$ cat my_file-v8.json   # JSON, C-alpha atoms and all ligand atoms
[["chain", "number", "residue", "atom", "x", "y", "z"],
["A", 1, "MET", "CA", 23.70, -14.65, 2.79],
["A", 2, "ILE", "CA", 22.02, -13.58, -0.43],
["A", 3, "ALA", "CA", 23.14, -15.44, -3.53],
["A", 4, "PRO", "CA", 23.36, -13.46, -6.78],
["A", 5, "VAL", "CA", 20.50, -14.58, -9.00],
["A", 6, "PRO", "CA", 20.77, -14.57, -12.80],
["A", 7, "VAL", "CA", 17.70, -13.04, -14.43],
["A", 8, "VAL", "CA", 15.53, -15.97, -15.50],
["A", 9, "THR", "CA", 11.97, -15.48, -16.61],
["A", 10, "PHE", "CA", 9.29, -18.12, -16.82],
["A", 11, "THR", "CA", 5.53, -18.35, -16.64],
["A", 12, "LEU", "CA", 3.33, -19.34, -13.72],
["A", 13, "GLY", "CA", 2.32, -22.48, -15.67],
["A", 14, "GLU", "CA", 5.96, -23.47, -16.18],
["A", 15, "LEU", "CA", 6.65, -22.99, -12.48],
["A", 16, "LEU", "CA", 3.70, -25.18, -11.45],
["A", 17, "VAL", "CA", 4.82, -27.95, -13.81],
["A", 18, "ASP", "CA", 8.40, -27.58, -12.60],
["A", 19, "VAL", "CA", 7.38, -28.08, -8.96],
["A", 20, "ALA", "CA", 4.84, -30.82, -9.76],
["A", 21, "THR", "CA", 7.55, -32.85, -11.52],
["A", 22, "GLY", "CA", 10.37, -31.93, -9.12],
["A", 23, "SER", "CA", 11.64, -34.44, -6.59],
["A", 24, "GLU", "CA", 10.12, -34.34, -3.15],
["A", 25, "ALA", "CA", 12.37, -32.38, -0.81],
["A", 26, "VAL", "CA", 13.66, -33.69, 2.48],
["A", 27, "PRO", "CA", 12.93, -31.05, 5.10],
["A", 28, "GLY", "CA", 16.45, -31.31, 6.52],
["A", 29, "ALA", "CA", 17.37, -27.69, 5.83],
["A", 30, "TRP", "CA", 14.91, -26.41, 8.37],
["A", 31, "GLY", "CA", 14.48, -29.58, 10.46],
["A", 32, "ASP", "CA", 16.54, -28.10, 13.28],
["A", 33, "ARG", "CA", 13.96, -25.36, 13.74],
["A", 34, "TRP", "CA", 11.30, -27.89, 14.56],
["A", 35, "HIS", "CA", 10.58, -28.39, 18.24],
["A", 36, "PRO", "CA", 9.05, -31.69, 19.39],
["A", 37, "SER", "CA", 6.68, -29.95, 21.83],
["A", 38, "GLU", "CA", 5.06, -28.03, 18.98],
["A", 39, "ASP", "CA", 2.40, -29.57, 16.86],
["A", 40, "TRP", "CA", 4.10, -28.34, 13.72],
["A", 41, "SER", "CA", 5.81, -30.05, 10.87],
["A", 42, "PRO", "CA", 7.36, -28.70, 7.69],
["A", 43, "ALA", "CA", 4.99, -28.23, 4.78],
["A", 44, "PRO", "CA", 5.40, -30.70, 1.88],
["A", 45, "SER", "CA", 7.96, -29.34, -0.54],
["A", 46, "SER", "CA", 9.41, -30.14, -3.94],
["A", 47, "VAL", "CA", 12.62, -29.07, -5.58],
["A", 48, "SER", "CA", 12.14, -26.43, -8.26],
["A", 49, "ALA", "CA", 14.84, -26.10, -10.90],
["A", 50, "LEU", "CA", 13.47, -22.69, -11.91],
["A", 51, "LEU", "CA", 13.61, -21.27, -8.38],
["A", 52, "GLY", "CA", 16.85, -23.06, -7.55],
["A", 53, "THR", "CA", 15.58, -24.41, -4.24],
["A", 54, "ALA", "CA", 12.94, -26.60, -2.66],
["A", 55, "VAL", "CA", 9.68, -24.73, -2.31],
["A", 56, "PRO", "CA", 6.79, -25.62, 0.03],
["A", 57, "HIS", "CA", 3.59, -26.46, -1.83],
["A", 58, "PRO", "CA", 1.36, -24.10, 0.24],
["A", 59, "ALA", "CA", 3.54, -21.11, -0.75],
["A", 60, "LEU", "CA", 3.34, -22.00, -4.41],
["A", 61, "LEU", "CA", -0.41, -22.65, -4.35],
["A", 62, "THR", "CA", -1.02, -19.34, -2.57],
["A", 63, "LEU", "CA", 1.10, -17.57, -5.20],
["A", 64, "ALA", "CA", -0.94, -19.23, -7.97],
["A", 65, "GLY", "CA", -4.15, -18.14, -6.23],
["A", 66, "LYS", "CA", -2.97, -14.53, -5.93],
["A", 67, "LEU", "CA", -2.02, -14.42, -9.61],
["A", 68, "SER", "CA", -5.03, -16.34, -10.89],
["A", 69, "ALA", "CA", -7.11, -13.17, -11.33],
["A", 70, "SER", "CA", -4.56, -11.90, -13.84],
["A", 71, "ALA", "CA", -5.91, -11.73, -17.39],
["A", 72, "VAL", "CA", -3.08, -13.91, -18.72],
["A", 73, "GLY", "CA", -3.46, -16.58, -16.00],
["A", 74, "MET", "CA", -0.94, -19.38, -16.48],
["A", 75, "ASP", "CA", 1.02, -17.22, -18.95],
["A", 76, "THR", "CA", 1.78, -14.65, -16.23],
["A", 77, "GLY", "CA", 5.50, -13.89, -16.50],
["A", 78, "LEU", "CA", 7.63, -14.31, -13.36],
["A", 79, "ARG", "CA", 11.26, -13.74, -12.49],
["A", 80, "VAL", "CA", 13.34, -14.60, -9.43],
["A", 81, "GLU", "CA", 14.60, -11.56, -7.52],
["A", 82, "VAL", "CA", 16.23, -13.11, -4.45],
["A", 83, "VAL", "CA", 16.96, -16.61, -3.13],
["A", 84, "ASP", "CA", 18.30, -17.10, 0.36],
["A", 85, "ALA", "CA", 18.06, -19.70, 3.11],
["A", 86, "ASP", "CA", 14.63, -18.51, 4.27],
["A", 87, "ARG", "CA", 12.75, -17.39, 1.20],
["A", 88, "VAL", "CA", 12.52, -16.84, -2.51],
["A", 89, "VAL", "CA", 11.30, -13.49, -3.82],
["A", 90, "VAL", "CA", 9.59, -13.72, -7.20],
["A", 91, "ALA", "CA", 8.40, -10.69, -9.14],
["A", 92, "CYS", "CA", 5.55, -10.36, -11.61],
["A", 93, "GLY", "CA", 5.72, -6.94, -13.24],
["A", 94, "GLU", "CA", 5.67, -4.52, -10.30],
["A", 95, "ARG", "CA", 4.23, -7.10, -7.90],
["A", 96, "ARG", "CA", 6.66, -9.01, -5.66],
["A", 97, "PHE", "CA", 6.04, -12.09, -3.52],
["A", 98, "ALA", "CA", 8.16, -13.68, -0.78],
["A", 99, "LEU", "CA", 7.73, -17.46, -0.60],
["A", 100, "GLY", "CA", 8.67, -18.64, 2.89],
["A", 101, "LEU", "CA", 10.77, -21.80, 2.65],
["A", 102, "ALA", "CA", 10.14, -22.90, 6.23],
["A", 103, "GLY", "CA", 6.50, -22.18, 6.95],
["A", 104, "GLY", "CA", 5.17, -22.06, 3.38],
["A", 105, "ALA", "CA", 3.72, -18.54, 3.59],
["A", 106, "CYS", "CA", 3.39, -16.38, 0.49],
["A", 107, "THR", "CA", 3.57, -12.68, 1.36],
["A", 108, "GLU", "CA", 3.11, -9.87, -1.10],
["A", 109, "LEU", "CA", 5.90, -7.31, -0.64],
["A", 110, "CYS", "CA", 6.18, -3.58, -1.16],
["A", 111, "ARG", "CA", 6.39, -2.69, -4.88],
["A", 112, "GLN", "CA", 9.66, -0.84, -4.48],
["A", 113, "PRO", "CA", 12.32, -3.17, -5.96],
["A", 114, "ASP", "CA", 14.63, -4.65, -3.30],
["A", 115, "CYS", "CA", 12.37, -3.59, -0.40],
["A", 116, "GLU", "CA", 11.92, -6.46, 2.05],
["A", 117, "ARG", "CA", 8.88, -5.14, 3.88],
["A", 118, "ARG", "CA", 5.37, -6.41, 3.23],
["A", 119, "MET", "CA", 2.89, -4.14, 1.49],
["A", 120, "LEU", "CA", 0.36, -2.33, 3.66],
["A", 121, "GLU", "CA", -2.80, -3.50, 1.86],
["A", 122, "THR", "CA", -3.89, -4.79, -1.54],
["A", 123, "GLU", "CA", -5.03, -1.27, -2.43],
["A", 124, "VAL", "CA", -1.90, 0.32, -0.92],
["A", 125, "PRO", "CA", 0.84, -1.93, -2.29],
["A", 126, "TRP", "CA", 3.84, -0.21, -0.71],
["A", 127, "CYS", "CA", 5.36, -0.25, 2.77],
["A", 128, "SER", "CA", 4.93, 2.76, 5.05],
["A", 129, "SER", "CA", 8.41, 4.08, 4.09],
["A", 130, "HIS", "CA", 8.01, 3.88, 0.33],
["A", 131, "LEU", "CA", 4.57, 5.55, 0.43],
["A", 132, "PHE", "CA", 6.64, 8.71, 0.89],
["A", 133, "ASP", "CA", 8.32, 8.23, -2.51],
["A", 134, "LEU", "CA", 5.08, 8.24, -4.49],
["A", 135, "ASP", "CA", 3.94, 11.18, -6.58],
["A", 136, "LEU", "CA", 0.85, 12.82, -5.15],
["A", 137, "TYR", "CA", -1.51, 11.39, -7.76],
["A", 138, "SER", "CA", -0.44, 7.78, -7.01],
["A", 139, "LEU", "CA", -0.66, 8.41, -3.25],
["A", 140, "VAL", "CA", -4.16, 9.90, -3.38],
["A", 141, "THR", "CA", -5.33, 7.22, -5.80],
["A", 142, "ALA", "CA", -4.13, 4.53, -3.37],
["A", 143, "GLY", "CA", -6.13, 6.30, -0.63],
["A", 144, "ARG", "CA", -9.25, 6.33, -2.80],
["A", 145, "PHE", "CA", -8.92, 2.61, -3.70],
["A", 146, "TRP", "CA", -8.42, 1.73, -0.05],
["A", 147, "ALA", "CA", -11.43, 3.79, 1.08],
["A", 148, "GLU", "CA", -13.63, 2.31, -1.66],
["A", 149, "ALA", "CA", -12.63, -1.19, -0.55],
["A", 150, "SER", "CA", -13.42, -0.32, 3.08],
["A", 151, "HIS", "CA", -16.88, 0.95, 2.12],
["A", 152, "ARG", "CA", -19.84, -1.31, 2.82],
["A", 153, "SER", "CA", -23.05, -0.16, 1.21],
["A", 154, "GLY", "CA", -25.71, 0.64, 3.81],
["A", 155, "GLU", "CA", -23.20, 0.72, 6.66],
["A", 156, "HIS", "CA", -22.55, 4.07, 8.21],
["A", 157, "GLU", "CA", -19.25, 3.28, 9.91],
["A", 158, "ARG", "CA", -15.92, 2.35, 8.44],
["A", 159, "SER", "CA", -15.11, -1.11, 9.68],
["A", 160, "SER", "CA", -11.53, -1.37, 8.40],
["A", 161, "PRO", "CA", -8.62, -0.95, 10.81],
["A", 162, "ASP", "CA", -6.93, 2.40, 11.28],
["A", 163, "TRP", "CA", -3.36, 1.64, 10.34],
["A", 164, "PRO", "CA", -3.38, 1.89, 6.53],
["A", 165, "VAL", "CA", -5.30, 5.14, 6.70],
["A", 166, "GLU", "CA", -2.92, 6.55, 9.30],
["A", 167, "GLU", "CA", 0.05, 5.76, 7.05],
["A", 168, "LEU", "CA", -1.70, 7.32, 4.06],
["A", 169, "MET", "CA", -2.50, 10.47, 6.03],
["A", 170, "LYS", "CA", 1.05, 10.80, 7.34],
["A", 171, "ALA", "CA", 2.49, 10.50, 3.82],
["A", 172, "ALA", "CA", -0.03, 13.09, 2.54],
["A", 173, "VAL", "CA", 0.65, 15.52, 5.41],
["A", 174, "ALA", "CA", 4.39, 15.36, 4.70],
["A", 175, "VAL", "CA", 3.74, 16.76, 1.21],
["A", 176, "GLY", "CA", 1.12, 19.33, 2.27],
["A", 177, "ALA", "CA", -1.82, 17.32, 0.91],
["A", 178, "GLY", "CA", -3.61, 16.28, 4.11],
["A", 179, "GLU", "CA", -6.88, 17.93, 3.12],
["A", 180, "MET", "CA", -6.88, 16.33, -0.33],
["A", 181, "MET", "CA", -6.28, 12.88, 1.16],
["A", 182, "ALA", "CA", -8.88, 13.31, 3.93],
["A", 183, "GLU", "CA", -11.60, 14.44, 1.51],
["A", 184, "THR", "CA", -10.72, 11.67, -0.95],
["A", 185, "ILE", "CA", -11.06, 9.07, 1.80],
["A", 186, "VAL", "CA", -14.30, 10.42, 3.25],
["A", 187, "THR", "CA", -15.90, 10.82, -0.19],
["A", 188, "ALA", "CA", -14.95, 7.28, -1.25],
["A", 189, "ALA", "CA", -15.82, 5.57, 2.04],
["A", 190, "PHE", "CA", -19.38, 6.88, 2.47],
["A", 191, "ASP", "CA", -22.50, 7.43, 0.39],
["A", 192, "ASP", "CA", -22.81, 11.16, 0.97],
["A", 193, "PRO", "CA", -26.49, 11.90, 1.78],
["A", 194, "HIS", "CA", -25.97, 15.38, 0.31],
["A", 195, "GLU", "CA", -25.44, 13.85, -3.12],
["A", 196, "PRO", "CA", -28.94, 13.14, -4.47],
["A", 197, "GLU", "CA", -27.65, 11.14, -7.46],
["A", 198, "GLN", "CA", -26.38, 8.49, -5.03],
["A", 199, "HIS", "CA", -29.95, 7.42, -4.31],
["A", 200, "ASP", "CA", -32.80, 6.41, -6.59],
["A", 201, "VAL", "CA", -35.22, 7.00, -3.72],
["A", 202, "PRO", "CA", -34.77, 9.50, -0.86],
["A", 203, "ALA", "CA", -32.69, 7.97, 1.93],
["A", 204, "GLU", "CA", -34.41, 7.20, 5.20],
["A", 205, "TYR", "CA", -33.86, 10.25, 7.42],
["A", 206, "GLY", "CA", -32.33, 8.27, 10.28],
["A", 207, "LEU", "CA", -29.76, 6.84, 7.86],
["A", 208, "VAL", "CA", -28.98, 10.33, 6.55],
["A", 209, "LEU", "CA", -28.29, 11.55, 10.08],
["A", 210, "ARG", "CA", -26.19, 8.52, 10.99],
["A", 211, "THR", "CA", -24.14, 8.80, 7.79],
["A", 212, "ARG", "CA", -23.53, 12.52, 8.32],
["A", 213, "ARG", "CA", -22.45, 11.84, 11.87],
["A", 214, "ALA", "CA", -20.09, 9.04, 10.74],
["A", 215, "MET", "CA", -18.62, 11.29, 8.02],
["A", 216, "GLY", "CA", -18.06, 14.04, 10.57],
["A", 217, "ARG", "CA", -16.41, 11.60, 12.93],
["A", 218, "GLU", "CA", -14.15, 10.31, 10.14],
["A", 219, "ARG", "CA", -13.19, 13.88, 9.16],
["A", 220, "LEU", "CA", -12.33, 14.63, 12.78],
["A", 221, "ARG", "CA", -10.26, 11.45, 13.12],
["A", 222, "LEU", "CA", -8.28, 12.22, 9.95],
["A", 223, "TRP", "CA", -7.82, 15.87, 10.92],
["A", 224, "GLU", "CA", -6.49, 14.87, 14.35],
["A", 225, "THR", "CA", -4.06, 12.37, 12.76],
["A", 226, "ALA", "CA", -2.88, 15.09, 10.35],
["A", 227, "ARG", "CA", -2.44, 17.73, 13.05],
["A", 228, "LYS", "CA", -0.45, 15.36, 15.27],
["A", 229, "GLU", "CA", 1.84, 14.32, 12.41],
["A", 230, "ALA", "CA", 2.32, 17.91, 11.25],
["A", 231, "ALA", "CA", 3.25, 18.93, 14.82],
["A", 232, "ARG", "CA", 5.84, 16.15, 14.94],
["A", 233, "LEU", "CA", 7.39, 17.25, 11.63],
["A", 234, "ARG", "CA", 7.36, 20.95, 12.64],
["A", 235, "GLN", "CA", 9.10, 20.16, 15.88],
["A", 236, "ALA", "CA", 11.75, 18.10, 14.07],
["A", 237, "ALA", "CA", 12.31, 20.94, 11.57],
["A", 238, "GLY", "CA", 12.58, 23.68, 14.22],
["A", 239, "GLY", "CA", 12.48, 26.68, 11.92],
["A", 240, "CYS", "CA", 10.77, 27.38, 8.59],
["A", 241, "GLN", "CA", 12.97, 26.06, 5.78],
["A", 242, "GLY", "CA", 12.24, 29.25, 3.84],
["A", 243, "CYS", "CA", 12.34, 32.28, 6.16],
["A", 244, "ARG", "CA", 13.92, 30.55, 9.20],
["A", 245, "ARG", "CA", 11.26, 31.81, 11.59],
["A", 246, "GLU", "CA", 10.78, 29.47, 14.54],
["A", 247, "LEU", "CA", 7.77, 27.26, 13.74],
["A", 248, "SER", "CA", 6.75, 26.65, 17.36],
["A", 249, "ARG", "CA", 6.02, 30.38, 17.70],
["A", 250, "LEU", "CA", 3.68, 30.38, 14.72],
["A", 251, "GLU", "CA", 0.09, 29.22, 14.31],
["A", 252, "ASP", "CA", 0.09, 25.62, 12.96],
["A", 253, "GLY", "CA", -2.58, 26.35, 10.37],
["A", 254, "PHE", "CA", -5.00, 23.72, 11.73],
["A", 255, "GLY", "CA", -6.45, 26.10, 14.29],
["A", 256, "ALA", "CA", -9.27, 27.36, 12.11],
["A", 257, "GLY", "CA", -10.40, 23.78, 11.48],
["A", 258, "ALA", "CA", -8.85, 23.65, 8.03],
["A", 259, "TYR", "CA", -5.60, 22.14, 6.79],
["A", 260, "PRO", "CA", -2.48, 24.16, 6.01],
["A", 261, "GLN", "CA", -1.63, 24.12, 2.31],
["A", 262, "ALA", "CA", 2.15, 24.25, 2.85],
["A", 263, "ARG", "CA", 4.34, 21.36, 3.96],
["A", 264, "PRO", "CA", 4.84, 21.22, 7.75],
["A", 265, "GLU", "CA", 8.47, 22.44, 7.52],
["A", 266, "TYR", "CA", 7.31, 25.76, 6.07],
["A", 267, "CYS", "CA", 5.48, 28.59, 7.80],
["A", 268, "SER", "CA", 3.23, 29.31, 4.79],
["A", 269, "GLN", "CA", 2.69, 28.63, 1.12],
["A", 270, "ALA", "CA", 4.69, 31.76, 0.36],
["A", 271, "CYS", "CA", 7.82, 30.04, 1.76],
["A", 272, "ASP", "CA", 7.16, 26.53, 0.36],
["A", 273, "PRO", "CA", 8.78, 26.28, -3.11],
["A", 274, "LEU", "CA", 6.61, 23.34, -4.26],
["A", 275, "PRO", "CA", 3.61, 23.99, -6.52],
["A", 276, "THR", "CA", 0.18, 23.59, -4.86],
["A", 277, "ALA", "CA", -1.08, 20.10, -4.02],
["A", 278, "ARG", "CA", -3.66, 20.38, -6.79],
["A", 279, "GLN", "CA", -0.99, 21.22, -9.38],
["A", 280, "ARG", "CA", 1.20, 18.32, -8.23],
["A", 281, "TYR", "CA", -1.78, 15.95, -8.32],
["A", 282, "LEU", "CA", -2.66, 16.97, -11.89],
["A", 283, "GLU", "CA", 0.98, 16.65, -12.99],
["A", 284, "GLY", "CA", 1.17, 13.12, -11.53],
["A", 285, "GLN", "CA", -2.10, 12.25, -13.27],
["A", 286, "GLN", "CA", -0.73, 13.38, -16.65],
["A", 287, "ASN", "CA", 2.52, 11.46, -16.14],
["A", 288, "GLY", "CA", 0.55, 8.35, -15.12],
["A", 289, "GLN", "CA", -1.58, 8.55, -18.25],
["A", 290, "ALA", "CA", 1.51, 9.02, -20.43],
["A", 291, "ARG", "CA", 3.08, 5.92, -18.83],
["A", 292, "LEU", "CA", -0.10, 3.92, -19.46],
["A", 293, "GLN", "CA", -0.06, 4.90, -23.14],
["A", 294, "GLU", "CA", 3.57, 3.83, -23.44],
["A", 295, "ASP", "CA", 2.60, 0.40, -22.07],
["A", 296, "LEU", "CA", -0.24, -0.11, -24.55],
["A", 297, "PRO", "CA", 0.58, -2.89, -27.04],
["A", 298, "PHE", "CA", -1.00, -0.97, -30.00],
["B", 1, "ZN", "ZN", 9.05, -0.58, 0.76],
["B", 2, "ZN", "ZN", 8.65, 30.88, 6.27]]
$ encode --input "my_file-v8.json" --output "structure tokens"
Amino acid sequence: MIAPVPVVTFTLGELLVDVATGSEAVPGAWGDRWHPSEDWSPAPSSVSALLGTAVPHPALLTLAGKLSASAVGMDTGLRVEVVDADRVVVACGERRFALGLAGGACTELCRQPDCERRMLETEVPWCSSHLFDLDLYSLVTAGRFWAEASHRSGEHERSSPDWPVEELMKAAVAVGAGEMMAETIVTAAFDDPHEPEQHDVPAEYGLVLRTRRAMGRERLRLWETARKEAARLRQAAGGCQGCRRELSRLEDGFGAGAYPQARPEYCSQACDPLPTARQRYLEGQQNGQARLQEDLPF
């Protein structure tokens, strides 16, 4: 049961003081979930007047840690989005955090307001569903940030897990931008030995070969993910949404080793009414810059 929450804003500093001076909470509300055979006990909690409930200290301290890198620190503005029996959702600008009232976890959620799913990664702060709502510029930028974060200088393999990159590729393929996403990821995740400005001294030849091989392997992995996802979408669509020709009878566009430029539900770019991926990317970039200028305080 979700209680309606009046919009109340406060700062991180005010919240910490509120909890520090709040009365210690009796863990009765979740005491029945405790099982004597488990070595587990409720986290220490205090009642917060601002949040309207008792909040476990670990959740609050984790929230403070996650927000501590913010330039305004203790003055970071917060507002309560949801309070229910299990959690409180607090928002800070676009960022949203679920504070678990039983276990004391603090989970960063998808940036789409009202979405209850956790975000994929720090660099990809949406859930796998809402990635599909992003403009192409924001989607590709998230891919670049993620790939840069997965990059370890001197290492010639990506060590990060596959799942965020799979979700990014699927979202890009759905809008006919698989190639743009794949090249963005590969370029950001590796020091390309073909780019001489990356190195002050010539790279050791063994490292050049290993890096090229790893880049090729990454390109293949992304291409295979894209082809599989495109095949799934083509099968679901049945016929081209433009000319109605049956898609299963047509070449999928990946055969020549490249990526099709049209969305999977269309037989070709001639049938797809959307502008090219490059045009959509540039349009999103311009809109993003306009939004940034609106937010500037001067
Ligand atoms: Zn979401
Ligand atoms: Zn067509």
$ closest_atom_pairs --input "my_file-v8.json" --of "chain A" --to "ligand ZN 1 (chain B)" --cutoff "12 Å" --atoms "only C-alpha atoms and all ligand atoms" --output "Markdown table"
| residue | atom | partner | partner_atom | distance |
| --- | --- | --- | --- | --- |
| A:Arg95 | CA | B:ZN1 | ZN | 11.9 |
| A:Arg96 | CA | B:ZN1 | ZN | 10.9 |
| A:Glu108 | CA | B:ZN1 | ZN | 11.2 |
| A:Leu109 | CA | B:ZN1 | ZN | 7.6 |
| A:Cys110 | CA | B:ZN1 | ZN | 4.6 |
| A:Arg111 | CA | B:ZN1 | ZN | 6.6 |
| A:Gln112 | CA | B:ZN1 | ZN | 5.3 |
| A:Pro113 | CA | B:ZN1 | ZN | 7.9 |
| A:Asp114 | CA | B:ZN1 | ZN | 8.0 |
| A:Cys115 | CA | B:ZN1 | ZN | 4.6 |
| A:Glu116 | CA | B:ZN1 | ZN | 6.7 |
| A:Arg117 | CA | B:ZN1 | ZN | 5.5 |
| A:Arg118 | CA | B:ZN1 | ZN | 7.3 |
| A:Met119 | CA | B:ZN1 | ZN | 7.2 |
| A:Leu120 | CA | B:ZN1 | ZN | 9.3 |
| A:Val124 | CA | B:ZN1 | ZN | 11.1 |
| A:Pro125 | CA | B:ZN1 | ZN | 8.9 |
| A:Trp126 | CA | B:ZN1 | ZN | 5.4 |
| A:Cys127 | CA | B:ZN1 | ZN | 4.2 |
| A:Ser128 | CA | B:ZN1 | ZN | 6.8 |
| A:Ser129 | CA | B:ZN1 | ZN | 5.8 |
| A:His130 | CA | B:ZN1 | ZN | 4.6 |
| A:Leu131 | CA | B:ZN1 | ZN | 7.6 |
| A:Phe132 | CA | B:ZN1 | ZN | 9.6 |
| A:Asp133 | CA | B:ZN1 | ZN | 9.4 |
| A:Leu134 | CA | B:ZN1 | ZN | 11.0 |
$ residues_near_ligand --input "my_file-v8.json" --ligand "ligand ZN 2 (chain B)" --cutoff "12 Å" --atoms "all atoms listed in the file" --output "VMD selection string"
chain A and resid 234 237 to 247 249 to 251 262 to 273
$ closest_residue --input "my_file-v8.json" --among "A:Gln279, A:Thr21, A:Gln285, A:Ser150" --to "Asp162 in chain A" --atoms "only C-alpha atoms"
A:Ser150
$ residues_around --input "my_file-v8.json" --residues "His57 in chain A" --least-positions-apart "3" --cutoff "9 Å" --atoms "all atoms listed in the file" --output "list of chain:residue names"
A:Val19, A:Ala43, A:Pro44, A:Ser45, A:Ser46, A:Leu60, A:Leu61, A:Thr62, A:Gly104
$ atom_distance --input "my_file-v8.json" --atom1 "CA of Gly13 in chain A" --atom2 "CA of Lys66 in chain A"
13.6 Å
$ closest_residue --input "my_file-v8.json" --among "A:Thr141, A:Trp163, A:Trp223, A:Ala149" --to "Thr184 in chain A" --atoms "all atoms listed in the file"
A:Thr141
$ axis_aligned_box --input "my_file-v8.json" --around "range 261-273 of chain A" --padding-each-side "5 Å" --output "lines of an AutoDock Vina configuration file"
center_x = 3.6
center_y = 26.5
center_z = 2.3
size_x = 20.4
size_y = 20.5
size_z = 20.9
$ atom_distance --input "my_file-v8.json" --atom1 "CA of Val186 in chain A" --atom2 "CA of Trp146 in chain A"
11.0 Å
$ closest_residue --input "my_file-v8.json" --among "A:Leu99, A:Leu12, A:Leu233, A:Ala20" --to "Ser48 in chain A" --atoms "all atoms listed in the file"
A:Ala20
$ residues_around --input "my_file-v8.json" --residues "Asp18 in chain A" --least-positions-apart "6" --cutoff "9 Å" --atoms "only C-alpha atoms" --output "PyMOL selection string"
chain A and resi 47-50
$ atom_distance --input "my_file-v8.json" --atom1 "CA of Met180 in chain A" --atom2 "CA of Thr276 in chain A"
11.1 Å
$ closest_residue --input "my_file-v8.json" --among "A:Ala105, A:Ala256, A:Leu292, A:Ala277" --to "Arg227 in chain A" --atoms "only C-alpha atoms"
A:Ala256
$ closest_residue --input "my_file-v8.json" --among "A:Gly52, A:Gly143, A:Pro260, A:Gly65" --to "Ala188 in chain A" --atoms "all atoms listed in the file"
A:Gly143
$ residues_around --input "my_file-v8.json" --residues "Thr76 in chain A" --least-positions-apart "6" --cutoff "10 Å" --atoms "all atoms listed in the file" --output "list in words"
Phe10, Thr11, Leu12, Gly13, Glu14, Ala64, Leu67, Ser68, Ser70, Cys92 and Gly93 of chain A
$ build_atoms --input "my_file-v8.json" --residues "range 98-110 of chain A" --atoms "N, CA and C atoms" --output "short mmCIF file (atom, residue, chain, number, x, y, z; two decimals), keeping the file's coordinate frame"
data_model
loop_
_atom_site.label_atom_id
_atom_site.label_comp_id
_atom_site.auth_asym_id
_atom_site.auth_seq_id
_atom_site.Cartn_x
_atom_site.Cartn_y
_atom_site.Cartn_z
N ALA A 98 7.16 -12.91 -1.51
CA ALA A 98 8.16 -13.68 -0.78
C ALA A 98 7.55 -15.04 -0.44
N LEU A 99 8.18 -16.10 -0.92
CA LEU A 99 7.73 -17.46 -0.60
C LEU A 99 8.58 -17.96 0.56
N GLY A 100 7.94 -18.19 1.70
CA GLY A 100 8.67 -18.64 2.89
C GLY A 100 9.05 -20.11 2.74
N LEU A 101 10.33 -20.42 2.88
CA LEU A 101 10.77 -21.80 2.65
C LEU A 101 10.55 -22.68 3.87
N ALA A 102 10.37 -22.08 5.03
CA ALA A 102 10.14 -22.90 6.23
C ALA A 102 8.65 -23.12 6.46
N GLY A 103 7.91 -22.05 6.60
CA GLY A 103 6.50 -22.18 6.95
C GLY A 103 5.57 -22.32 5.76
N GLY A 104 6.02 -21.94 4.56
CA GLY A 104 5.17 -22.06 3.38
C GLY A 104 4.25 -20.88 3.17
N ALA A 105 4.56 -19.73 3.79
CA ALA A 105 3.72 -18.54 3.59
C ALA A 105 4.08 -17.88 2.26
N CYS A 106 3.12 -17.18 1.69
CA CYS A 106 3.39 -16.38 0.49
C CYS A 106 2.92 -14.97 0.80
N THR A 107 3.88 -14.04 0.92
CA THR A 107 3.57 -12.68 1.36
C THR A 107 3.83 -11.72 0.23
N GLU A 108 2.86 -10.87 -0.06
CA GLU A 108 3.11 -9.87 -1.10
C GLU A 108 3.90 -8.71 -0.49
N LEU A 109 5.00 -8.33 -1.17
CA LEU A 109 5.90 -7.31 -0.64
C LEU A 109 5.60 -5.95 -1.26
N CYS A 110 6.21 -4.94 -0.65
CA CYS A 110 6.18 -3.58 -1.16
C CYS A 110 6.64 -3.58 -2.63
#
